[in-house]
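Trainee: What follows is query_0.txt, compact mmCIF, C-alpha atoms.
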```txt
# COMPACT_ATOMS: atom_id res chain seq x y z
CA MET A 1 -135.16 -155.51 56.25
CA ALA A 2 -138.63 -156.26 57.62
CA ALA A 3 -140.11 -156.05 54.12
CA ARG A 4 -137.56 -158.53 52.83
CA ARG A 5 -138.38 -160.96 55.64
CA VAL A 6 -142.10 -160.66 54.93
CA ARG A 7 -141.58 -161.35 51.24
CA ALA A 8 -139.28 -164.29 51.97
CA GLY A 9 -141.87 -165.73 54.35
CA VAL A 10 -144.67 -165.39 51.82
CA GLU A 11 -142.61 -167.05 49.12
CA ARG A 12 -141.57 -169.94 51.37
CA ALA A 13 -145.23 -170.51 52.25
CA LEU A 14 -146.20 -170.56 48.57
CA GLU A 15 -143.41 -172.99 47.75
CA ARG A 16 -144.53 -175.34 50.53
CA ARG A 17 -148.17 -175.17 49.46
CA LEU A 18 -147.31 -175.93 45.85
CA GLY A 19 -144.69 -178.54 46.73
CA VAL A 20 -142.07 -176.96 44.46
CA ASP A 21 -138.52 -175.66 44.83
CA THR A 22 -137.90 -172.59 42.67
CA ALA A 23 -136.34 -170.11 45.10
CA GLU A 24 -132.64 -170.76 44.54
CA HIS A 25 -130.37 -168.04 43.17
CA VAL A 26 -128.04 -169.76 40.68
CA TYR A 27 -124.90 -168.36 39.05
CA HIS A 28 -124.45 -169.49 35.45
CA GLU A 29 -120.72 -169.75 36.09
CA ASP A 30 -121.45 -172.67 38.40
CA LEU A 31 -123.33 -174.36 35.55
CA GLY A 32 -120.63 -173.67 32.96
CA VAL A 33 -122.87 -171.46 30.80
CA ALA A 34 -121.97 -167.93 31.93
CA THR A 35 -121.20 -165.18 29.41
CA GLU A 36 -120.61 -161.46 29.81
CA ASN A 37 -124.29 -160.58 29.34
CA ARG A 38 -125.79 -163.67 31.05
CA VAL A 39 -124.62 -164.06 34.63
CA TRP A 40 -127.23 -165.62 36.95
CA HIS A 41 -130.74 -166.97 37.40
CA ASP A 42 -132.96 -165.39 40.03
CA PRO A 43 -136.64 -166.33 40.48
CA SER A 44 -139.40 -163.80 39.91
CA ALA A 45 -141.48 -162.71 42.89
CA TRP A 46 -144.59 -164.91 42.97
CA LEU A 47 -147.15 -162.22 43.78
CA ALA A 48 -145.88 -159.50 41.44
CA LEU A 49 -145.60 -161.96 38.56
CA ARG A 50 -149.11 -163.29 39.17
CA ARG A 51 -150.46 -159.77 39.14
CA ALA A 52 -148.66 -158.85 35.92
CA LEU A 53 -149.76 -161.97 34.02
CA ARG A 54 -153.36 -161.81 35.21
CA ARG A 55 -153.59 -158.23 33.98
CA LEU A 56 -152.91 -159.59 30.48
CA THR A 57 -156.23 -161.49 30.65
CA PRO A 58 -154.82 -164.26 28.43
CA THR A 59 -157.07 -166.65 26.52
CA GLU A 60 -156.68 -170.06 24.91
CA ASP A 61 -155.45 -168.26 21.80
CA ASP A 62 -152.32 -167.11 23.65
CA VAL A 63 -148.96 -168.89 23.78
CA PHE A 64 -146.50 -167.92 26.52
CA VAL A 65 -142.70 -168.11 26.41
CA ASP A 66 -140.30 -167.42 29.28
CA TYR A 67 -136.76 -166.49 28.24
CA GLY A 68 -134.33 -167.81 30.83
CA SER A 69 -136.94 -170.02 32.50
CA GLY A 70 -134.54 -171.35 35.15
CA LEU A 71 -136.26 -173.48 37.77
CA GLY A 72 -139.67 -172.87 36.22
CA ARG A 73 -141.36 -170.40 38.56
CA ALA A 74 -142.75 -168.17 35.79
CA LEU A 75 -143.95 -171.28 33.93
CA LEU A 76 -145.83 -172.42 37.04
CA VAL A 77 -147.52 -169.03 37.36
CA ALA A 78 -148.41 -168.97 33.65
CA ALA A 79 -149.87 -172.48 34.00
CA GLU A 80 -152.46 -171.05 36.43
CA LEU A 81 -153.91 -169.10 33.49
CA PRO A 82 -155.71 -170.30 30.33
CA PHE A 83 -152.75 -170.16 27.94
CA ARG A 84 -152.97 -172.67 25.11
CA ARG A 85 -149.28 -173.54 25.39
CA ILE A 86 -146.32 -172.58 27.56
CA ILE A 87 -142.63 -172.68 26.58
CA GLY A 88 -139.54 -172.23 28.72
CA VAL A 89 -136.26 -171.40 26.99
CA GLU A 90 -133.24 -172.06 29.17
CA VAL A 91 -129.61 -172.46 28.11
CA SER A 92 -128.82 -174.79 31.04
CA GLU A 93 -130.16 -178.33 30.73
CA ALA A 94 -129.40 -178.83 34.44
CA LEU A 95 -131.90 -176.09 35.31
CA ASN A 96 -134.37 -177.52 32.79
CA GLU A 97 -134.31 -180.89 34.55
CA ARG A 98 -135.10 -179.29 37.88
CA ALA A 99 -137.84 -177.20 36.27
CA ARG A 100 -139.42 -180.35 34.82
CA ALA A 101 -139.55 -181.84 38.31
CA ASN A 102 -141.26 -178.71 39.65
CA ILE A 103 -143.80 -178.68 36.83
CA SER A 104 -144.59 -182.37 37.27
CA ARG A 105 -145.44 -181.75 40.94
CA LYS A 106 -148.15 -179.30 39.87
CA ALA A 107 -149.51 -181.44 37.02
CA GLY A 108 -153.26 -181.85 37.21
CA ARG A 109 -153.71 -178.66 39.25
CA ALA A 110 -152.93 -176.28 36.39
CA ARG A 111 -155.21 -174.71 33.80
CA CYS A 112 -152.57 -175.22 31.13
CA ASN A 113 -150.69 -178.52 31.16
CA ASP A 114 -149.03 -178.15 27.75
CA VAL A 115 -145.62 -177.00 29.02
CA GLU A 116 -142.48 -177.46 26.93
CA LEU A 117 -138.93 -176.88 28.16
CA VAL A 118 -136.33 -176.11 25.52
CA ALA A 119 -132.58 -176.24 26.14
CA ALA A 120 -131.38 -173.55 23.77
CA ASP A 121 -129.47 -170.32 23.43
CA ALA A 122 -132.08 -167.57 23.06
CA LEU A 123 -129.91 -165.93 20.38
CA GLU A 124 -130.27 -169.04 18.21
CA TRP A 125 -133.79 -170.12 19.11
CA ASP A 126 -136.46 -169.54 16.46
CA VAL A 127 -139.53 -167.89 17.96
CA PRO A 128 -142.59 -170.06 17.17
CA PRO A 129 -145.11 -168.26 14.95
CA ASP A 130 -147.89 -168.58 17.54
CA VAL A 131 -146.12 -166.98 20.53
CA THR A 132 -148.14 -163.98 21.75
CA VAL A 133 -146.67 -163.31 25.22
CA ALA A 134 -142.94 -163.21 25.99
CA TYR A 135 -141.70 -162.91 29.57
CA LEU A 136 -138.21 -161.78 30.55
CA TYR A 137 -136.86 -161.40 34.07
CA CYS A 138 -133.65 -159.62 33.09
CA PRO A 139 -132.20 -162.87 31.62
CA PHE A 140 -129.57 -161.05 29.58
CA THR A 141 -128.40 -157.56 28.73
CA GLY A 142 -126.47 -155.66 26.07
CA ASP A 143 -125.94 -157.21 22.65
CA VAL A 144 -127.62 -160.46 23.68
CA PHE A 145 -130.78 -158.57 24.62
CA ASP A 146 -130.70 -156.66 21.32
CA GLY A 147 -130.33 -159.89 19.37
CA VAL A 148 -133.22 -161.64 21.12
CA LEU A 149 -135.48 -158.61 20.71
CA ALA A 150 -134.61 -158.46 17.01
CA ARG A 151 -135.61 -162.12 16.60
CA MET A 152 -138.98 -161.45 18.25
CA LEU A 153 -139.65 -158.46 16.00
CA ALA A 154 -138.63 -160.45 12.91
CA SER A 155 -141.07 -163.17 13.97
CA ILE A 156 -144.08 -160.83 14.09
CA ASP A 157 -143.12 -159.37 10.71
CA GLU A 158 -142.95 -162.83 9.14
CA HIS A 159 -146.03 -164.12 10.99
CA PRO A 160 -148.14 -161.03 11.83
CA ARG A 161 -149.78 -161.18 15.26
CA PRO A 162 -149.88 -159.12 18.45
CA LEU A 163 -146.98 -159.90 20.78
CA ARG A 164 -146.85 -158.57 24.31
CA LEU A 165 -143.50 -158.37 26.10
CA VAL A 166 -143.62 -158.61 29.89
CA TYR A 167 -140.28 -157.33 31.17
CA ASN A 168 -139.46 -157.72 34.87
CA TYR A 169 -136.62 -155.57 36.28
CA PRO A 170 -136.29 -153.78 32.92
CA VAL A 171 -132.69 -152.60 32.95
CA GLU A 172 -132.74 -152.50 29.13
CA HIS A 173 -135.93 -150.43 28.93
CA GLU A 174 -134.21 -147.82 26.80
CA ARG A 175 -133.02 -150.47 24.34
CA VAL A 176 -136.61 -151.66 24.00
CA LEU A 177 -137.75 -148.13 23.20
CA ALA A 178 -134.82 -147.60 20.82
CA SER A 179 -136.23 -150.33 18.58
CA GLY A 180 -139.03 -147.92 17.64
CA ARG A 181 -141.36 -150.92 17.49
CA VAL A 182 -143.09 -151.01 20.88
CA ARG A 183 -145.87 -149.30 22.78
CA LEU A 184 -145.78 -149.29 26.58
CA LEU A 185 -149.06 -150.74 27.86
CA ASP A 186 -148.74 -151.30 31.58
CA ALA A 187 -146.46 -150.91 34.59
CA ILE A 188 -146.74 -152.40 38.04
CA SER A 189 -144.34 -152.30 40.94
CA SER A 190 -144.02 -153.77 44.38
CA VAL A 191 -144.24 -151.39 47.31
CA TRP A 192 -141.44 -151.31 49.87
CA PRO A 193 -141.26 -149.02 52.89
CA PRO A 194 -138.83 -146.08 52.97
CA GLY A 195 -135.36 -147.23 53.92
CA SER A 196 -135.77 -150.73 52.53
CA LEU A 197 -132.49 -152.11 51.18
CA ARG A 198 -134.34 -153.62 48.24
CA ALA A 199 -135.28 -151.47 45.24
CA PRO A 200 -138.94 -151.77 44.24
CA GLU A 201 -139.50 -154.42 41.58
CA VAL A 202 -141.11 -153.10 38.42
CA ILE A 203 -142.69 -155.08 35.61
CA LEU A 204 -143.37 -153.32 32.32
CA THR A 205 -145.62 -154.67 29.59
CA TYR A 206 -145.12 -153.56 25.99
CA LEU A 207 -146.95 -154.28 22.77
CA ALA A 208 -144.52 -155.16 19.98
CA LEU A 209 -145.70 -153.66 16.69
CA PRO A 210 -145.31 -155.14 13.19
CA CYS A 211 -143.91 -153.13 10.30
CA ASP A 212 -147.33 -153.10 8.64
CA ALA A 213 -148.83 -149.79 9.81
CA SER A 214 -152.45 -150.90 9.38
CA LEU A 215 -151.85 -153.98 11.54
CA ALA A 216 -150.03 -151.89 14.11
CA ASP A 217 -153.05 -149.58 14.36
CA GLU A 218 -155.35 -152.60 14.73
CA TYR A 219 -153.28 -154.05 17.56
CA ILE A 220 -153.03 -150.70 19.34
CA ALA A 221 -156.82 -150.43 19.29
CA ARG A 222 -157.16 -153.99 20.61
CA PHE A 223 -154.79 -153.55 23.56
CA PRO A 224 -155.45 -150.27 25.43
CA ARG A 225 -152.98 -148.84 27.88
CA ARG A 226 -153.42 -149.40 31.59
CA LEU A 227 -150.80 -146.96 32.81
CA ARG A 228 -151.39 -144.96 35.95
CA ARG A 229 -149.50 -141.98 37.25
CA GLY A 230 -146.74 -143.23 39.50
CA ARG A 231 -143.07 -143.58 40.20
CA HIS A 232 -141.26 -146.74 39.16
CA TRP A 233 -137.68 -147.95 39.05
CA LEU A 234 -136.30 -148.90 35.65
CA GLY A 235 -133.00 -150.33 36.77
CA PRO A 236 -130.71 -150.48 39.78
CA TYR A 237 -131.09 -147.25 41.73
CA ARG A 238 -132.27 -145.26 38.68
CA PRO A 239 -135.63 -143.60 39.46
CA HIS A 240 -137.78 -142.72 36.45
CA PHE A 241 -141.46 -142.17 36.01
CA VAL A 242 -144.36 -143.75 34.16
CA LEU A 243 -147.14 -141.31 33.36
CA GLU A 244 -150.52 -141.55 31.72
CA LYS A 245 -150.11 -138.20 29.98
CA PRO A 246 -147.28 -137.23 27.60
CA ALA A 247 -144.29 -136.06 29.59
CA ARG A 248 -140.55 -136.24 29.86
CA LEU A 249 -139.43 -136.86 33.43
CA GLY A 250 -136.30 -138.32 34.93
CA GLY A 251 -134.53 -137.84 31.61
CA VAL A 252 -136.49 -140.61 29.86
CA VAL A 253 -139.27 -140.45 27.29
CA LEU A 254 -141.25 -143.64 27.75
CA ASP A 255 -142.21 -144.01 24.10
CA ALA A 256 -142.32 -142.13 20.85
CA GLU A 257 -145.93 -141.07 21.39
CA SER A 258 -144.94 -139.23 24.55
CA LYS A 259 -143.24 -136.62 22.37
CA SER A 260 -146.49 -135.51 20.78
```
Show the structure stored in the file as C-alpha cells.

Mentor:
Amino acid sequence: MAARRVRAGVERALERRLGVDTAEHVYHEDLGVATENRVWHDPSAWLALRRALRRLTPTEDDVFVDYGSGLGRALLVAAELPFRRIIGVEVSEALNERARANISRKAGRARCNDVELVAADALEWDVPPDVTVAYLYCPFTGDVFDGVLARMLASIDEHPRPLRLVYNYPVEHERVLASGRVRLLDAISSVWPPGSLRAPEVILTYLALPCDASLADEYIARFPRRLRRGRHWLGPYRPHFVLEKPARLGGVVLDAESKS
C-alpha cells in the first residue's frame, strides 16, 4: 500500500509540473467503444515508460506509434525524445480530443512537436511505412492483438526496416513469440516491496524481424540484446523469468533462440 501511495504521489507531482491530465482510468464501455478484447484505458507509469523509451536511444530517423494512445501520456513521454514523428492511434475520438489538449499544453517544451492523433480501429489502420517503434500498454488481447501484430509484420515485409515493439504489461507475450518473427531485446520492471498488492510492471522490448533472412541478420546485429538475469511478471500473477543465457524456466521459452 505504501508503494502505491508513493507512486501515486510521484505521478501527481509530474502531472502538476507538466500541466497535463492523463491519470484517469477510463472504461471503453462508458465511451461506447468497448469490445470483448478492448475493455479500458489505463495510463502507463511515467517513470517506467521514460526508462524503457530512453533505453531505445531513438534518433531523428525513428517514428513512434502508440496503439491505444488514450489521454496521450505515452505520446508526451515520446515527445521528450528526438523522434522524427509521433502517432497516437485511439479508437475513441473523445479520448483523442483530451489528448490533443494535453499535448498542446506541452508544445514548445518537447523535442518532437510533430504529433498526430488518429481516430481509428487498430485492426483497420494501415501502419505507415516509416514507423520504427510501436508501443502497446495492453490495449487489446486475443484475436485483436493477433490481427494488429500481423499488420505490423506485413508492413515490415512490404517496406523492410527494423521495427521495435515496446510492450508494457505483456499479457500476450506468448502470442508475440508464437509469431516466430521476433527477438526479445530488453526487459525492465518496477520494483515493489514484498506484500505489495500491485504486481510489478514489466515492459518488454522486441525486435520484429522481416521474412528476408539477410535483413533479419542485419537488424539483429544492429540491435544487441540488453537482457539481464532477473525475475519479471508476464501477466497477472504469472511469474516467469527473463534470462541472458538460454534456459527454460517458469514453463516459458522466451524466444526460439533459447532452445539452442

Trainee: What does the structure give for the distance between CA of Ala101 (chain A) and CA of Arg17 (chain A), in Å to one decimal?

Mentor: 15.6 Å

Trainee: I need the residue nearest Arg73 (chain A) from this list: A:Leu47, A:Ala120, A:Thr22, A:Glu97. Use all atoms listed in the file for the distance.

Mentor: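 Using all atoms listed in the file, Arg73 (chain A) sits closest to A:Thr22.
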
Trainee: Tell me, as a PyMOL selection string, which residues lie within 7 Å of Val115 (chain A), counting all atoms listed in the file; anything in the same chain fewer than 4 positions away does not count.

Mentor: chain A and resi 85-87

Trainee: By how many Å are CA of Glu60 (chain A) and CA of Asp130 (chain A) apart?

Mentor: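 We find that CA of Glu60 (chain A) and CA of Asp130 (chain A) lie 11.6 Å from each other.
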
Trainee: From (-143.5, -171.7, 16.0), in the file's coordinates, out to 12 Å: which residues are reached, counting only C-alpha atoms? Answer as an NGL selection string.

Mentor: :A and (63-65 or 85-87 or 125-132 or 152 or 155-156 or 158-159)

Trainee: Take the residues from that selection and write them out as a PDB file, in the coordinates of the input, keeping C-alpha atoms.

Mentor:
```
ATOM      1  CA  VAL A  63    -148.960-168.890  23.780  1.00  0.00           C
ATOM      2  CA  PHE A  64    -146.500-167.920  26.520  1.00  0.00           C
ATOM      3  CA  VAL A  65    -142.700-168.110  26.410  1.00  0.00           C
ATOM      4  CA  ARG A  85    -149.280-173.540  25.390  1.00  0.00           C
ATOM      5  CA  ILE A  86    -146.320-172.580  27.560  1.00  0.00           C
ATOM      6  CA  ILE A  87    -142.630-172.680  26.580  1.00  0.00           C
ATOM      7  CA  TRP A 125    -133.790-170.120  19.110  1.00  0.00           C
ATOM      8  CA  ASP A 126    -136.460-169.540  16.460  1.00  0.00           C
ATOM      9  CA  VAL A 127    -139.530-167.890  17.960  1.00  0.00           C
ATOM     10  CA  PRO A 128    -142.590-170.060  17.170  1.00  0.00           C
ATOM     11  CA  PRO A 129    -145.110-168.260  14.950  1.00  0.00           C
ATOM     12  CA  ASP A 130    -147.890-168.580  17.540  1.00  0.00           C
ATOM     13  CA  VAL A 131    -146.120-166.980  20.530  1.00  0.00           C
ATOM     14  CA  THR A 132    -148.140-163.980  21.750  1.00  0.00           C
ATOM     15  CA  MET A 152    -138.980-161.450  18.250  1.00  0.00           C
ATOM     16  CA  SER A 155    -141.070-163.170  13.970  1.00  0.00           C
ATOM     17  CA  ILE A 156    -144.080-160.830  14.090  1.00  0.00           C
ATOM     18  CA  GLU A 158    -142.950-162.830   9.140  1.00  0.00           C
ATOM     19  CA  HIS A 159    -146.030-164.120  10.990  1.00  0.00           C
TER      20      HIS A 159
END
```

Trainee: Which value, in Å to one decimal, gives the distance between CA of Asp186 (chain A) and CA of Leu53 (chain A)?

Mentor: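 A separation of 11.0 Å between them.
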
Trainee: Of the residues A:Arg181, A:Arg16, A:Asp143, A:Ala78, which is the one nearest to Arg51 (chain A), using only C-alpha atoms?

Mentor: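 Closest candidate: A:Ala78.
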
Trainee: Which of these, A:Val118, A:Ile188, A:Ala178, A:Ala74, has the shortest distance to Leu136 (chain A) once you count only C-alpha atoms?

Mentor: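 That would be A:Ala74, the residue with the smallest distance to Leu136 (chain A).
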
Trainee: Pick from A:Trp46, A:Tyr167, A:Phe223, A:Phe140: nearest to Gly72 (chain A), with only C-alpha atoms counted?

Mentor: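 Closest candidate: A:Trp46.
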
Trainee: Point out the residue among A:Pro224, A:Pro162, A:Pro139, A:Pro170 with the least atom-to-atom distance to Leu185 (chain A), counting all atoms listed in the file.

Mentor: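 Of all the options, A:Pro224 lies closest to Leu185 (chain A).
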
Trainee: For a quick check of understanding, using all atoms listed in the file, which of A:Asp62, A:Cys138, A:Glu80, A:Leu75 has the smallest distance to Asp42 (chain A)?

Mentor: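 Nearest to Asp42 (chain A): A:Cys138.
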
Trainee: Give me, as a VMD selection string, all polymer residues having an atom no more than 7 Å from region 105-112 of chain A, counting all atoms listed in the file and skipping those fewer than 2 positions away in the same chain.

Mentor: chain A and resid 18 to 20 79 to 85 101 to 103 114

Trainee: So which residues are close to (-134.4, -178.8, 29.4), meaning at most 10 Å away in the file's coordinates with all atoms listed in the file counted, and can you show them as an mmCIF file with C-alpha atoms, in the frame of the given file?

Mentor:
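The resulting file, part-v6.cif, is shown below:
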```cif
data_model
loop_
_atom_site.group_PDB
_atom_site.id
_atom_site.type_symbol
_atom_site.label_atom_id
_atom_site.label_comp_id
_atom_site.auth_asym_id
_atom_site.auth_seq_id
_atom_site.Cartn_x
_atom_site.Cartn_y
_atom_site.Cartn_z
ATOM 1 C CA SER A 69 -136.940 -170.020 32.500
ATOM 2 C CA GLY A 70 -134.540 -171.350 35.150
ATOM 3 C CA GLY A 88 -139.540 -172.230 28.720
ATOM 4 C CA VAL A 89 -136.260 -171.400 26.990
ATOM 5 C CA GLU A 90 -133.240 -172.060 29.170
ATOM 6 C CA VAL A 91 -129.610 -172.460 28.110
ATOM 7 C CA SER A 92 -128.820 -174.790 31.040
ATOM 8 C CA GLU A 93 -130.160 -178.330 30.730
ATOM 9 C CA ALA A 94 -129.400 -178.830 34.440
ATOM 10 C CA LEU A 95 -131.900 -176.090 35.310
ATOM 11 C CA ASN A 96 -134.370 -177.520 32.790
ATOM 12 C CA GLU A 97 -134.310 -180.890 34.550
ATOM 13 C CA ARG A 98 -135.100 -179.290 37.880
ATOM 14 C CA ALA A 99 -137.840 -177.200 36.270
ATOM 15 C CA ARG A 100 -139.420 -180.350 34.820
ATOM 16 C CA GLU A 116 -142.480 -177.460 26.930
ATOM 17 C CA LEU A 117 -138.930 -176.880 28.160
ATOM 18 C CA VAL A 118 -136.330 -176.110 25.520
ATOM 19 C CA ALA A 119 -132.580 -176.240 26.140
ATOM 20 C CA ALA A 120 -131.380 -173.550 23.770
#
```
